[in-house]
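> The structure under discussion is supplied below as structure tokens; questions concerning it will follow.
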Amino acid sequence: IMEEQAEWQRRLEEAGIDPRGIDGSEEINEACRFLSIDGLAAKSRFRVFLKRQNELCYQVTATIEDARLNKGVRAAVYMKADDNSAHFILEEKPVFYGEGDDVNKLFVALYFRTYETAMSFSRALRKWPFDHPNSNVQPEVSLPVERIRPVILQPVTFDQYDPAEAEDSPCTSFADFKGFS
């Protein structure tokens, strides 16, 4: 379904059509014809896709200095994101290392459907120094900020964590990470 919605979004953008402006039965039917959406189930999924375009969500951003120098930080962020039902924009990386002077910095940009889950994630990162007293990690974490929901959000799951993304990471497998979070 994510791929289907991403395709709808891509085609609408190419045609210069903002899905947030599609309202009313005639406009929805016209968009279905434009996108070649046939069948009751597909049209129903498209209506849900349109409805979600105007939903609010909450964004939490964080910067974690020297994360690359500490074992398991990126993996722990993925796990905390998964535990708190985080989402990310389909075309973007939710957790990534910087470049140049920021090569050891970890950047996080995640979305949440409720304020409560956004606060839970934000709190989990802010509590890091207390939960891991032997770590020198000090996350700078935003409080949740209300945003218009980006068009396509994908859930973050721990199995999306790829140790190979950071070649010099001391945490090269789930076994290395286990017990760290």
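By order of appearance in the structure tokens: chains A, B, ..., then residues from 1 within every chain, and ligands from 1 in the order shown.
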Apply DSSP to the backbone of this structure and, from region 54-101 of chain A, keep only the residues in strand (DSSP E or B); write these as a PyMOL selection string.

chain A and resi 56-64+87-89+95-97

> Determine which residues of region 65-137 of chain A DSSP labels as alpha helix (DSSP H) from the backbone of this structure, then write them out as a PyMOL selection string.

chain A and resi 73-83+115-126+128-131

> If I take CA of Gln160 (chain A) and CA of Lys51 (chain A), how far is one from the other in Å, to one decimal?

27.5 Å

> Applying 9 Å and only C-alpha atoms, which residues near Thr61 (chain A) remain after dropping the ones on its own chain fewer than 6 positions away? List them as a ChimeraX atom specification.

/A:107-111,122,140-144

> How many Å separate CA of Arg68 (chain A) from CA of Phe112 (chain A)?

25.4 Å

> Restricting the calculation to only C-alpha atoms, which member of A:Ile64, A:Glu27, A:Ala15, A:Ile37 is positioned closest to Pro129 (chain A)?

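Once distances to Pro129 (chain A) are computed over only C-alpha atoms, the minimum belongs to A:Ile64.
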
> Determine the nearest neighbour of Val73 (chain A) from the options A:Thr157, A:Asn136, A:Glu146, A:Glu3, counting only C-alpha atoms.

A:Asn136

> Nearest to Asp102 (chain A): which of A:Ala118, A:Glu65, A:Ala76, A:Tyr161 is it, counting only C-alpha atoms?

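That would be A:Glu65, the residue with the smallest distance to Asp102 (chain A).
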
> Could you work out how far CA of Leu40 (chain A) lies from CA of Gln53 (chain A), giving the answer in Å with one decimal?

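These atoms are spaced 20.3 Å apart.
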
> Do you know which residues are at most 12 Å from region 22-26 of chain A counting only C-alpha atoms, after dropping those on the same chain fewer than 3 positions away, and could you put them as a ChimeraX atom specification?

/A:12,17-19,29-33,43,46-47,49-54

> Could you tell me which of A:Leu90, A:Asn70, A:Met119, A:Ala42 comes closest to Arg10 (chain A) if we count only C-alpha atoms?

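Going through A:Leu90, A:Asn70, A:Met119, A:Ala42 one by one, the smallest distance to Arg10 (chain A) is for A:Leu90.
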
> Could you tell me which of A:Val145, A:Val137, A:Ala124, A:Ala62 comes closest to Asp83 (chain A) if we count only C-alpha atoms?

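When distances to Asp83 (chain A) are compared using only C-alpha atoms, the smallest one comes from A:Ala124.
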